[in-house]
$ cat start13.txt   # compact mmCIF, C-alpha atoms and all ligand atoms
# COMPACT_ATOMS: atom_id res chain seq x y z
CA MET A 60 -18.28 9.65 -17.16
CA SER A 61 -14.86 8.52 -18.40
CA GLY A 62 -13.08 5.24 -17.55
CA PHE A 63 -10.84 7.07 -15.10
CA VAL A 64 -11.06 5.57 -11.61
CA THR A 65 -8.79 6.51 -8.75
CA ARG A 66 -8.73 6.08 -4.99
CA PHE A 67 -7.46 7.36 -1.69
CA ALA A 68 -6.41 4.47 0.55
CA PRO A 69 -5.55 5.53 4.10
CA SER A 70 -4.82 3.16 6.95
CA PRO A 71 -6.86 4.17 10.01
CA THR A 72 -3.93 4.00 12.42
CA GLY A 73 -4.07 7.65 13.44
CA ARG A 74 -5.62 10.99 12.58
CA LEU A 75 -5.07 12.44 9.11
CA HIS A 76 -2.66 15.35 8.73
CA ARG A 77 -1.83 17.84 5.96
CA GLY A 78 0.11 15.21 4.00
CA HIS A 79 -2.98 13.02 3.77
CA ALA A 80 -5.13 15.99 2.80
CA PHE A 81 -2.70 16.81 0.00
CA SER A 82 -2.75 13.23 -1.27
CA ALA A 83 -6.52 12.86 -1.07
CA LEU A 84 -7.11 16.22 -2.77
CA THR A 85 -4.62 15.36 -5.52
CA ALA A 86 -6.49 12.16 -6.35
CA TYR A 87 -9.85 13.86 -5.98
CA ARG A 88 -8.96 16.70 -8.31
CA ALA A 89 -7.58 14.28 -10.90
CA ALA A 90 -10.85 12.33 -10.86
CA ARG A 91 -12.84 15.54 -11.25
CA GLN A 92 -10.67 16.80 -14.10
CA ALA A 93 -10.95 13.48 -15.93
CA ASP A 94 -14.70 13.24 -15.32
CA GLY A 95 -13.90 10.01 -13.53
CA ARG A 96 -14.68 8.24 -10.27
CA PHE A 97 -13.09 8.72 -6.87
CA LEU A 98 -13.12 5.83 -4.42
CA LEU A 99 -12.12 5.58 -0.80
CA ARG A 100 -10.53 2.44 0.56
CA ILE A 101 -9.88 1.80 4.21
CA GLU A 102 -6.68 -0.25 4.53
CA ASP A 103 -7.32 -1.88 7.86
CA ILE A 104 -5.80 -5.34 7.65
CA ASP A 105 -3.73 -4.64 10.74
CA ARG A 106 -6.38 -5.21 13.38
CA VAL A 107 -4.09 -4.12 16.19
CA ARG A 108 -2.93 -0.77 14.83
CA CYS A 109 -6.19 0.21 13.08
CA ARG A 110 -8.99 1.62 15.20
CA PRO A 111 -12.65 2.30 14.38
CA GLU A 112 -12.44 5.85 15.75
CA PHE A 113 -9.68 6.65 13.26
CA GLU A 114 -11.84 5.30 10.45
CA THR A 115 -14.71 7.55 11.53
CA ALA A 116 -12.23 10.42 11.62
CA VAL A 117 -11.16 9.70 8.01
CA PHE A 118 -14.77 10.12 6.90
CA GLU A 119 -15.14 13.29 8.94
CA ASP A 120 -11.92 14.83 7.68
CA LEU A 121 -12.61 14.10 4.00
CA ALA A 122 -16.15 15.44 4.30
CA TRP A 123 -14.74 18.57 5.96
CA LEU A 124 -12.46 18.99 2.94
CA GLY A 125 -15.59 18.98 0.79
CA MET A 126 -14.96 15.60 -0.76
CA THR A 127 -17.52 12.98 -1.68
CA TRP A 128 -16.82 9.35 -2.50
CA GLU A 129 -18.76 6.32 -3.60
CA ARG A 130 -20.33 4.49 -0.70
CA PRO A 131 -19.76 2.18 0.95
CA ALA A 132 -16.00 2.65 1.06
CA ARG A 133 -14.20 -0.66 0.60
CA ARG A 134 -12.84 -1.87 3.90
CA GLN A 135 -10.02 -4.38 3.51
CA SER A 136 -10.88 -6.27 6.70
CA GLY A 137 -14.18 -7.27 5.09
CA HIS A 138 -12.53 -8.91 2.08
CA MET A 139 -10.10 -11.44 3.50
CA ASP A 140 -11.55 -14.11 1.16
CA ASP A 141 -10.36 -12.14 -1.87
CA TYR A 142 -6.82 -12.07 -0.54
CA GLN A 143 -6.92 -15.76 0.34
CA SER A 144 -8.01 -16.58 -3.23
CA ALA A 145 -5.09 -14.60 -4.61
CA LEU A 146 -2.69 -16.36 -2.24
CA GLU A 147 -4.11 -19.67 -3.41
CA VAL A 148 -3.38 -18.75 -7.04
CA LEU A 149 0.23 -17.90 -6.17
CA ARG A 150 0.63 -21.03 -4.06
CA ALA A 151 -0.71 -23.20 -6.88
CA LYS A 152 1.94 -21.71 -9.15
CA GLY A 153 4.63 -22.71 -6.65
CA LEU A 154 5.55 -19.12 -5.87
CA LEU A 155 5.07 -19.06 -2.10
CA TYR A 156 6.87 -20.66 0.79
CA ARG A 157 6.31 -20.65 4.52
CA CYS A 158 8.72 -18.58 6.58
CA PHE A 159 8.88 -19.37 10.28
CA ARG A 160 11.69 -16.96 11.10
CA THR A 161 11.18 -14.27 13.69
CA ARG A 162 12.01 -10.61 13.02
CA LYS A 163 15.11 -11.02 15.14
CA GLU A 164 16.33 -14.00 13.12
CA ILE A 165 15.79 -12.09 9.87
CA ALA A 166 17.70 -9.08 11.17
CA GLU A 167 20.55 -11.38 12.20
CA ALA A 168 20.58 -13.10 8.81
CA ALA A 169 20.69 -9.70 7.07
CA ALA A 170 23.53 -8.48 9.28
CA SER A 171 25.66 -11.50 8.47
CA ALA A 172 24.91 -11.38 4.71
CA PRO A 173 27.80 -10.19 2.48
CA HIS A 174 25.94 -7.08 1.40
CA GLY A 175 24.46 -6.27 4.77
CA ALA A 176 20.77 -5.43 4.94
CA ALA A 177 20.68 -3.37 1.73
CA GLU A 178 18.97 -6.15 -0.15
CA GLY A 179 15.70 -7.59 1.06
CA PHE A 180 15.53 -10.96 2.76
CA ARG A 181 15.94 -13.99 0.50
CA GLY A 182 15.05 -17.27 2.06
CA SER A 183 14.29 -20.74 0.86
CA PRO A 184 11.66 -23.33 1.62
CA LEU A 185 12.48 -25.74 4.44
CA SER A 186 12.73 -29.45 3.89
CA PRO A 187 9.29 -31.11 4.19
CA SER A 188 10.28 -32.84 7.41
CA LYS A 189 11.55 -29.68 9.11
CA GLU A 190 8.46 -27.82 7.99
CA ARG A 191 6.21 -30.59 9.32
CA ALA A 192 7.95 -30.45 12.67
CA LEU A 193 7.46 -26.69 12.98
CA LEU A 194 3.84 -26.94 11.89
CA ASP A 195 3.21 -29.73 14.38
CA ALA A 196 4.79 -27.60 17.08
CA GLY A 197 2.26 -24.89 16.23
CA LYS A 198 4.90 -22.34 15.18
CA PRO A 199 3.39 -19.35 13.36
CA PHE A 200 4.59 -18.62 9.84
CA ALA A 201 4.32 -16.01 7.11
CA TRP A 202 3.95 -16.73 3.40
CA ARG A 203 6.75 -15.22 1.34
CA LEU A 204 6.99 -14.85 -2.39
CA SER A 205 10.01 -16.60 -3.86
CA LEU A 206 11.65 -13.98 -6.08
CA ASP A 207 13.60 -16.67 -7.90
CA ALA A 208 10.43 -18.55 -8.75
CA ALA A 209 8.69 -15.31 -9.77
CA ALA A 210 11.63 -14.31 -11.97
CA GLU A 211 11.59 -17.69 -13.63
CA LEU A 212 7.88 -17.51 -14.37
CA LEU A 213 8.15 -13.97 -15.72
CA SER A 214 11.32 -14.49 -17.83
CA GLY A 215 13.53 -12.53 -15.46
CA PHE A 216 11.01 -9.65 -15.45
CA ASP A 217 12.18 -8.89 -18.96
CA GLY A 218 9.81 -6.40 -20.59
CA LEU A 219 7.77 -5.95 -17.40
CA THR A 220 7.05 -2.24 -17.10
CA PHE A 221 4.67 0.27 -15.57
CA ILE A 222 3.61 3.71 -16.66
CA GLU A 223 4.54 6.57 -14.35
CA GLU A 224 2.71 9.78 -15.17
CA GLY A 225 3.84 11.61 -12.05
CA GLY A 226 7.35 11.14 -10.79
CA GLY A 227 9.40 8.93 -8.52
CA PRO A 228 11.76 10.38 -5.89
CA ASP A 229 14.53 10.64 -8.49
CA GLY A 230 12.30 12.11 -11.17
CA GLU A 231 11.53 8.74 -12.76
CA THR A 232 8.74 9.16 -15.27
CA GLY A 233 7.34 7.49 -18.39
CA LEU A 234 7.69 3.80 -19.05
CA ILE A 235 9.58 2.30 -16.10
CA PRO A 236 11.05 -1.22 -16.14
CA ALA A 237 9.74 -3.03 -13.07
CA ASP A 238 12.67 -4.20 -10.97
CA PRO A 239 11.46 -6.03 -7.88
CA MET A 240 14.78 -7.81 -7.21
CA SER A 241 16.03 -5.53 -4.43
CA ALA A 242 12.83 -6.04 -2.44
CA GLY A 243 13.74 -9.60 -1.59
CA ASP A 244 11.18 -12.32 -0.90
CA VAL A 245 8.34 -10.09 0.23
CA VAL A 246 5.86 -11.30 2.81
CA LEU A 247 2.43 -11.64 1.21
CA ALA A 248 0.68 -13.10 4.21
CA ARG A 249 1.77 -11.90 7.62
CA LYS A 250 1.90 -14.25 10.57
CA ASP A 251 -0.58 -12.21 12.53
CA VAL A 252 -3.21 -11.18 9.98
CA GLY A 253 -2.90 -13.65 7.10
CA VAL A 254 -2.37 -11.06 4.38
CA ALA A 255 0.08 -8.22 3.78
CA TYR A 256 0.01 -4.74 2.30
CA HIS A 257 1.30 -5.40 -1.24
CA LEU A 258 -1.05 -8.28 -1.91
CA ALA A 259 -4.13 -6.51 -0.55
CA VAL A 260 -3.40 -3.36 -2.57
CA VAL A 261 -2.91 -5.20 -5.83
CA VAL A 262 -6.04 -7.31 -5.38
CA ASP A 263 -8.13 -4.31 -4.39
CA ASP A 264 -6.88 -2.05 -7.16
CA ALA A 265 -7.92 -4.74 -9.64
CA LEU A 266 -11.28 -5.54 -8.02
CA GLN A 267 -12.14 -1.86 -7.73
CA GLY A 268 -11.21 -1.26 -11.38
CA ILE A 269 -8.63 1.40 -10.49
CA SER A 270 -7.26 2.90 -13.71
CA HIS A 271 -4.95 5.40 -12.00
CA VAL A 272 -3.13 4.95 -8.71
CA ILE A 273 -2.39 8.40 -7.34
CA ARG A 274 -0.31 8.43 -4.17
CA GLY A 275 2.82 9.80 -2.53
CA GLU A 276 6.26 9.13 -3.96
CA ASP A 277 7.17 7.24 -0.79
CA LEU A 278 5.29 4.35 -2.41
CA PHE A 279 7.13 4.56 -5.73
CA GLN A 280 9.43 1.63 -4.87
CA ALA A 281 6.42 -0.43 -3.84
CA THR A 282 5.20 -0.15 -7.42
CA HIS A 283 7.96 -2.47 -8.62
CA ILE A 284 6.68 -5.19 -6.32
CA GLN A 285 3.05 -4.48 -7.05
CA ARG A 286 3.59 -4.59 -10.81
CA MET A 287 5.23 -8.00 -10.43
CA LEU A 288 2.27 -9.26 -8.39
CA GLN A 289 -0.17 -8.01 -11.02
CA ALA A 290 1.72 -9.99 -13.65
CA LEU A 291 1.83 -13.11 -11.48
CA LEU A 292 -1.90 -12.87 -10.77
CA ASP A 293 -2.85 -11.90 -14.35
CA LEU A 294 -4.33 -8.63 -13.15
CA PRO A 295 -4.44 -5.44 -15.20
CA ALA A 296 -1.84 -2.77 -14.44
CA PRO A 297 -3.13 0.69 -13.56
CA VAL A 298 -1.26 3.84 -14.58
CA TYR A 299 0.71 5.35 -11.68
CA ARG A 300 0.98 8.99 -10.68
CA HIS A 301 3.22 9.47 -7.69
CA HIS A 302 3.17 12.94 -6.25
CA ARG A 303 5.75 14.82 -4.22
CA LEU A 304 5.50 14.65 -0.46
CA LEU A 305 4.49 17.67 1.49
CA ILE A 306 7.30 19.02 3.65
CA GLY A 307 6.56 20.50 7.06
CA PRO A 308 8.10 23.63 8.60
CA ASP A 309 10.86 21.47 10.09
CA GLY A 310 11.91 20.38 6.59
CA LYS A 311 10.66 16.84 7.15
CA ARG A 312 7.70 15.14 5.53
CA TYR A 313 4.51 14.93 7.54
CA ALA A 314 4.11 11.65 9.32
CA LYS A 315 1.77 10.31 11.95
CA ARG A 316 4.68 9.14 14.05
CA ASP A 317 6.07 12.69 14.35
CA LEU A 318 2.78 13.80 15.85
CA ALA A 319 2.22 16.20 12.96
CA GLU A 320 -0.64 18.63 13.50
CA THR A 321 -3.80 16.77 12.50
CA LEU A 322 -6.68 18.09 10.40
CA ALA A 323 -8.78 18.00 13.56
CA ASP A 324 -6.19 20.20 15.32
CA LEU A 325 -6.35 22.66 12.43
CA ARG A 326 -10.14 22.77 12.65
CA ASP A 327 -10.00 23.30 16.39
CA ARG A 328 -7.84 26.35 16.02
CA GLY A 329 -10.24 27.86 13.50
CA VAL A 330 -8.55 26.98 10.20
CA THR A 331 -11.22 26.42 7.57
CA ALA A 332 -11.12 23.82 4.81
CA HIS A 333 -10.83 26.70 2.38
CA ASP A 334 -7.77 28.06 4.20
CA LEU A 335 -6.12 24.68 4.06
CA LYS A 336 -6.95 24.18 0.38
CA LEU A 337 -5.48 27.59 -0.39
CA GLU A 338 -2.32 26.67 1.49
CA LEU A 339 -2.04 23.37 -0.35
CA GLY A 340 -2.81 24.85 -3.76
CA PHE A 341 -6.30 23.42 -4.28
CA ALA A 342 -8.47 26.53 -4.05
N1 LIG B 1 -2.51 2.47 2.86
C1 LIG B 1 -1.32 3.04 2.33
C2 LIG B 1 -0.88 4.18 3.21
O1 LIG B 1 -1.66 4.67 4.00
C3 LIG B 1 -1.50 3.56 0.92
C4 LIG B 1 -1.52 2.49 -0.07
C5 LIG B 1 -1.54 2.95 -1.52
O2 LIG B 1 -1.92 4.09 -1.82
O3 LIG B 1 -1.21 2.13 -2.35
O4 LIG B 1 0.25 4.60 3.12

$ encode --input "start13.txt" --output "structure tokens"
Amino acid sequence: MSGFVTRFAPSPTGRLHRGHAFSALTAYRAARQADGRFLLRIEDIDRVRCRPEFETAVFEDLAWLGMTWERPARRQSGHMDDYQSALEVLRAKGLLYRCFRTRKEIAEAAASAPHGAAEGFRGSPLSPSKERALLDAGKPFAWRLSLDAAAELLSGFDGLTFIEEGGGPDGETGLIPADPMSAGDVVLARKDVGVAYHLAVVVDDALQGISHVIRGEDLFQATHIQRMLQALLDLPAPVYRHHRLLIGPDGKRYAKRDLAETLADLRDRGVTAHDLKLELGFA
């Protein structure tokens, strides 16, 4: 077995569709070809949107596609301590601040900013007395990463790069300079669940020893943020392979919110896993 380790990391917020099958099979095939390992990770930090029946369906759908994965699959909701430790590291380095603003307030701040909402939100820590007052009033808060503080610690992100072996939406490939500036002060711990996507992914990729992140190009921009977090947390950087997104008959990419035909729907109307793999170019 080689040192190649990759993963498929769905969020169980709905049934899987063709786009997920394409992504999972792409990662699976890469692991096979490299004589490596294929892991499954259930990204279920959002306890409201994620549902156990969708998680069961992920297992069913992947098994139907003929895939096997190392068990047990890592479930993010069972590893909150790992994310809290990472947050503690960032806090100790002075990189995080509490943000009490509501979504509405952030949208208003973006609308009145000189460049509109094109750039991500940039805030600043409150004075200790204001913060104390909000905390005493029991106001909920998120933890945001201060981009300015991160840039200072990482010499303006000078020389920070990641390797892209697939391609970004504009054909980006090779050694890519990480440029997290446009993302703004990303939330690393949400008000409701105490952690957020970017932080959980970076921590898990490191803890699971992922050597290659294989995923859709819709997450290419996220890589800039994730690479920065790896550097701030002294975590190794995997190689990235972003793949094209599958386009449906309507010319749009498959998405749960568009009620795309699910793998279960396909099965119900007699499509076999082999048929689907042929269609997607995996048979
Ligand atoms: N959970 C994410 C999603 O379903 C994928 C995260 C990743 O591959 O980094 O879109």

$ atom_distance --input "start13.txt" --atom1 "CA of Gly329 in chain A" --atom2 "CA of Ala83 in chain A"
21.2 Å

$ atom_distance --input "start13.txt" --atom1 "CA of His138 in chain A" --atom2 "CA of Glu102 in chain A"
10.7 Å

$ closest_atom_pairs --input "start13.txt" --of "chain A" --to "ligand LIG 1 (chain B)" --cutoff "6 Å" --atoms "only C-alpha atoms and all ligand atoms" --output "Markdown table"
| residue | atom | partner | partner_atom | distance |
| --- | --- | --- | --- | --- |
| A:Ala68 | CA | B:LIG1 | N1 | 5.0 |
| A:Pro69 | CA | B:LIG1 | O1 | 4.0 |
| A:Ser70 | CA | B:LIG1 | O1 | 4.6 |
| A:Glu102 | CA | B:LIG1 | N1 | 5.3 |
| A:Val260 | CA | B:LIG1 | O3 | 5.9 |
| A:Arg274 | CA | B:LIG1 | O2 | 5.2 |

$ atom_distance --input "start13.txt" --atom1 "CA of Gly137 in chain A" --atom2 "CA of Thr161 in chain A"
27.7 Å

$ residues_around --input "start13.txt" --residues "range 146-157 of chain A" --least-positions-apart "5" --cutoff "9 Å" --atoms "all atoms listed in the file" --output "list in words"
Asp141, Gly182, Ser183, Pro184, Leu185, Glu190, Phe200, Ala201, Trp202, Arg203, Leu204, Ser205, Leu206, Asp207, Ala208, Ala209, Leu212, Leu247, Ala248, Val254, Leu258, Leu291 and Leu292 of chain A

$ write_last_selection --input "start13.txt" --atoms "C-alpha atoms" --output "mmCIF file, keeping the file's coordinate frame"
data_model
loop_
_atom_site.group_PDB
_atom_site.id
_atom_site.type_symbol
_atom_site.label_atom_id
_atom_site.label_comp_id
_atom_site.auth_asym_id
_atom_site.auth_seq_id
_atom_site.Cartn_x
_atom_site.Cartn_y
_atom_site.Cartn_z
ATOM 1 C CA ASP A 141 -10.360 -12.140 -1.870
ATOM 2 C CA GLY A 182 15.050 -17.270 2.060
ATOM 3 C CA SER A 183 14.290 -20.740 0.860
ATOM 4 C CA PRO A 184 11.660 -23.330 1.620
ATOM 5 C CA LEU A 185 12.480 -25.740 4.440
ATOM 6 C CA GLU A 190 8.460 -27.820 7.990
ATOM 7 C CA PHE A 200 4.590 -18.620 9.840
ATOM 8 C CA ALA A 201 4.320 -16.010 7.110
ATOM 9 C CA TRP A 202 3.950 -16.730 3.400
ATOM 10 C CA ARG A 203 6.750 -15.220 1.340
ATOM 11 C CA LEU A 204 6.990 -14.850 -2.390
ATOM 12 C CA SER A 205 10.010 -16.600 -3.860
ATOM 13 C CA LEU A 206 11.650 -13.980 -6.080
ATOM 14 C CA ASP A 207 13.600 -16.670 -7.900
ATOM 15 C CA ALA A 208 10.430 -18.550 -8.750
ATOM 16 C CA ALA A 209 8.690 -15.310 -9.770
ATOM 17 C CA LEU A 212 7.880 -17.510 -14.370
ATOM 18 C CA LEU A 247 2.430 -11.640 1.210
ATOM 19 C CA ALA A 248 0.680 -13.100 4.210
ATOM 20 C CA VAL A 254 -2.370 -11.060 4.380
ATOM 21 C CA LEU A 258 -1.050 -8.280 -1.910
ATOM 22 C CA LEU A 291 1.830 -13.110 -11.480
ATOM 23 C CA LEU A 292 -1.900 -12.870 -10.770
#

$ residues_around --input "start13.txt" --residues "Asp94 in chain A" --least-positions-apart "6" --cutoff "10 Å" --atoms "all atoms listed in the file" --output "ChimeraX atom specification"
/A:60-64,88

$ residues_near_point --input "start13.txt" --point "(-13.0, 0.3, -8.0)" --cutoff "8 Å" --atoms "all atoms listed in the file" --output "PyMOL selection string"
chain A and resi 64-66+98+263-269

$ write_last_selection --input "start13.txt" --atoms "C-alpha atoms" --output "PDB file, in the frame of the given file"
ATOM      1  CA  VAL A  64     -11.060   5.570 -11.610  1.00  0.00           C
ATOM      2  CA  THR A  65      -8.790   6.510  -8.750  1.00  0.00           C
ATOM      3  CA  ARG A  66      -8.730   6.080  -4.990  1.00  0.00           C
ATOM      4  CA  LEU A  98     -13.120   5.830  -4.420  1.00  0.00           C
ATOM      5  CA  ASP A 263      -8.130  -4.310  -4.390  1.00  0.00           C
ATOM      6  CA  ASP A 264      -6.880  -2.050  -7.160  1.00  0.00           C
ATOM      7  CA  ALA A 265      -7.920  -4.740  -9.640  1.00  0.00           C
ATOM      8  CA  LEU A 266     -11.280  -5.540  -8.020  1.00  0.00           C
ATOM      9  CA  GLN A 267     -12.140  -1.860  -7.730  1.00  0.00           C
ATOM     10  CA  GLY A 268     -11.210  -1.260 -11.380  1.00  0.00           C
ATOM     11  CA  ILE A 269      -8.630   1.400 -10.490  1.00  0.00           C
TER      12      ILE A 269
END

$ residues_around --input "start13.txt" --residues "Ala323 in chain A" --least-positions-apart "5" --cutoff "9 Å" --atoms "only C-alpha atoms" --output "JSON list (two decimals) with C-alpha atoms, in the frame of the given file"
[["chain", "number", "residue", "atom", "x", "y", "z"],
["A", 74, "ARG", "CA", -5.62, 10.99, 12.58],
["A", 75, "LEU", "CA", -5.07, 12.44, 9.11],
["A", 76, "HIS", "CA", -2.66, 15.35, 8.73],
["A", 116, "ALA", "CA", -12.23, 10.42, 11.62],
["A", 120, "ASP", "CA", -11.92, 14.83, 7.68],
["A", 328, "ARG", "CA", -7.84, 26.35, 16.02]]

$ closest_residue --input "start13.txt" --among "A:Arg326, A:Tyr313, A:Leu219, A:Leu234" --to "Leu288 in chain A" --atoms "only C-alpha atoms"
A:Leu219

$ closest_atom_pairs --input "start13.txt" --of "range 238-319 of chain A" --to "range 104-111 of chain A" --cutoff "9 Å" --atoms "only C-alpha atoms" --output "Markdown table"
| residue | atom | partner | partner_atom | distance |
| --- | --- | --- | --- | --- |
| A:Asp251 | CA | A:Asp105 | CA | 8.4 |
| A:Val252 | CA | A:Asp105 | CA | 6.6 |
| A:Gly253 | CA | A:Ile104 | CA | 8.8 |
| A:Val254 | CA | A:Ile104 | CA | 7.4 |
| A:Ala255 | CA | A:Ile104 | CA | 7.6 |
| A:Tyr256 | CA | A:Ile104 | CA | 7.9 |
| A:Ala259 | CA | A:Ile104 | CA | 8.4 |

$ closest_residue --input "start13.txt" --among "A:Phe279, A:Arg249, A:Ala122, A:Glu114" --to "Gln143 in chain A" --atoms "only C-alpha atoms"
A:Arg249

$ residues_near_point --input "start13.txt" --point "(-18.0, 16.0, -3.9)" --cutoff "12 Å" --atoms "only C-alpha atoms" --output "list in words"
Leu84, Tyr87, Arg88, Ala90, Arg91, Arg96, Phe97, Leu98, Leu121, Ala122, Trp123, Leu124, Gly125, Met126, Thr127, Trp128 and Glu129 of chain A

$ closest_residue --input "start13.txt" --among "A:Val261, A:Ala132, A:Val246, A:Leu305" --to "Cys158 in chain A" --atoms "only C-alpha atoms"
A:Val246

$ build_atoms --input "start13.txt" --residues "range 277-293 of chain A" --atoms "N, CA, C and O atoms" --output "PDB file, in the frame of the given file"
ATOM      1  N   ASP A 277       6.592   8.218  -1.718  1.00  0.00           N
ATOM      2  CA  ASP A 277       7.170   7.240  -0.790  1.00  0.00           C
ATOM      3  C   ASP A 277       6.762   5.822  -1.171  1.00  0.00           C
ATOM      4  O   ASP A 277       7.382   4.862  -0.715  1.00  0.00           O
ATOM      5  N   LEU A 278       5.728   5.687  -2.006  1.00  0.00           N
ATOM      6  CA  LEU A 278       5.290   4.350  -2.410  1.00  0.00           C
ATOM      7  C   LEU A 278       5.770   3.994  -3.814  1.00  0.00           C
ATOM      8  O   LEU A 278       5.360   2.977  -4.370  1.00  0.00           O
ATOM      9  N   PHE A 279       6.650   4.830  -4.369  1.00  0.00           N
ATOM     10  CA  PHE A 279       7.130   4.560  -5.730  1.00  0.00           C
ATOM     11  C   PHE A 279       7.829   3.190  -5.798  1.00  0.00           C
ATOM     12  O   PHE A 279       7.568   2.389  -6.703  1.00  0.00           O
ATOM     13  N   GLN A 280       8.698   2.909  -4.844  1.00  0.00           N
ATOM     14  CA  GLN A 280       9.430   1.630  -4.870  1.00  0.00           C
ATOM     15  C   GLN A 280       8.473   0.441  -4.755  1.00  0.00           C
ATOM     16  O   GLN A 280       8.719  -0.613  -5.336  1.00  0.00           O
ATOM     17  N   ALA A 281       7.412   0.641  -4.010  1.00  0.00           N
ATOM     18  CA  ALA A 281       6.420  -0.430  -3.840  1.00  0.00           C
ATOM     19  C   ALA A 281       5.818  -0.828  -5.179  1.00  0.00           C
ATOM     20  O   ALA A 281       5.374  -1.963  -5.372  1.00  0.00           O
ATOM     21  N   THR A 282       5.813   0.107  -6.112  1.00  0.00           N
ATOM     22  CA  THR A 282       5.200  -0.150  -7.420  1.00  0.00           C
ATOM     23  C   THR A 282       5.912  -1.282  -8.160  1.00  0.00           C
ATOM     24  O   THR A 282       5.279  -2.052  -8.878  1.00  0.00           O
ATOM     25  N   HIS A 283       7.223  -1.392  -7.958  1.00  0.00           N
ATOM     26  CA  HIS A 283       7.960  -2.470  -8.620  1.00  0.00           C
ATOM     27  C   HIS A 283       7.433  -3.835  -8.166  1.00  0.00           C
ATOM     28  O   HIS A 283       7.256  -4.743  -8.966  1.00  0.00           O
ATOM     29  N   ILE A 284       7.187  -3.930  -6.874  1.00  0.00           N
ATOM     30  CA  ILE A 284       6.680  -5.190  -6.320  1.00  0.00           C
ATOM     31  C   ILE A 284       5.237  -5.415  -6.775  1.00  0.00           C
ATOM     32  O   ILE A 284       4.838  -6.501  -7.169  1.00  0.00           O
ATOM     33  N   GLN A 285       4.471  -4.347  -6.723  1.00  0.00           N
ATOM     34  CA  GLN A 285       3.050  -4.480  -7.050  1.00  0.00           C
ATOM     35  C   GLN A 285       2.847  -4.826  -8.523  1.00  0.00           C
ATOM     36  O   GLN A 285       1.976  -5.612  -8.878  1.00  0.00           O
ATOM     37  N   ARG A 286       3.697  -4.264  -9.377  1.00  0.00           N
ATOM     38  CA  ARG A 286       3.590  -4.590 -10.810  1.00  0.00           C
ATOM     39  C   ARG A 286       3.899  -6.069 -11.043  1.00  0.00           C
ATOM     40  O   ARG A 286       3.263  -6.728 -11.867  1.00  0.00           O
ATOM     41  N   MET A 287       4.900  -6.571 -10.314  1.00  0.00           N
ATOM     42  CA  MET A 287       5.230  -8.000 -10.430  1.00  0.00           C
ATOM     43  C   MET A 287       4.035  -8.854  -9.985  1.00  0.00           C
ATOM     44  O   MET A 287       3.675  -9.824 -10.658  1.00  0.00           O
ATOM     45  N   LEU A 288       3.414  -8.471  -8.885  1.00  0.00           N
ATOM     46  CA  LEU A 288       2.270  -9.260  -8.390  1.00  0.00           C
ATOM     47  C   LEU A 288       1.116  -9.239  -9.381  1.00  0.00           C
ATOM     48  O   LEU A 288       0.443 -10.239  -9.586  1.00  0.00           O
ATOM     49  N   GLN A 289       0.903  -8.070 -10.013  1.00  0.00           N
ATOM     50  CA  GLN A 289      -0.170  -8.010 -11.020  1.00  0.00           C
ATOM     51  C   GLN A 289       0.111  -9.011 -12.139  1.00  0.00           C
ATOM     52  O   GLN A 289      -0.784  -9.725 -12.595  1.00  0.00           O
ATOM     53  N   ALA A 290       1.373  -9.059 -12.562  1.00  0.00           N
ATOM     54  CA  ALA A 290       1.720  -9.990 -13.650  1.00  0.00           C
ATOM     55  C   ALA A 290       1.532 -11.430 -13.190  1.00  0.00           C
ATOM     56  O   ALA A 290       0.999 -12.265 -13.933  1.00  0.00           O
ATOM     57  N   LEU A 291       1.942 -11.729 -11.969  1.00  0.00           N
ATOM     58  CA  LEU A 291       1.830 -13.110 -11.480  1.00  0.00           C
ATOM     59  C   LEU A 291       0.367 -13.531 -11.311  1.00  0.00           C
ATOM     60  O   LEU A 291       0.033 -14.698 -11.429  1.00  0.00           O
ATOM     61  N   LEU A 292      -0.478 -12.562 -11.013  1.00  0.00           N
ATOM     62  CA  LEU A 292      -1.900 -12.870 -10.770  1.00  0.00           C
ATOM     63  C   LEU A 292      -2.763 -12.588 -12.007  1.00  0.00           C
ATOM     64  O   LEU A 292      -3.992 -12.669 -11.931  1.00  0.00           O
ATOM     65  N   ASP A 293      -2.119 -12.238 -13.117  1.00  0.00           N
ATOM     66  CA  ASP A 293      -2.850 -11.900 -14.350  1.00  0.00           C
ATOM     67  C   ASP A 293      -3.855 -10.779 -14.123  1.00  0.00           C
ATOM     68  O   ASP A 293      -5.003 -10.858 -14.581  1.00  0.00           O
TER      69      ASP A 293
END
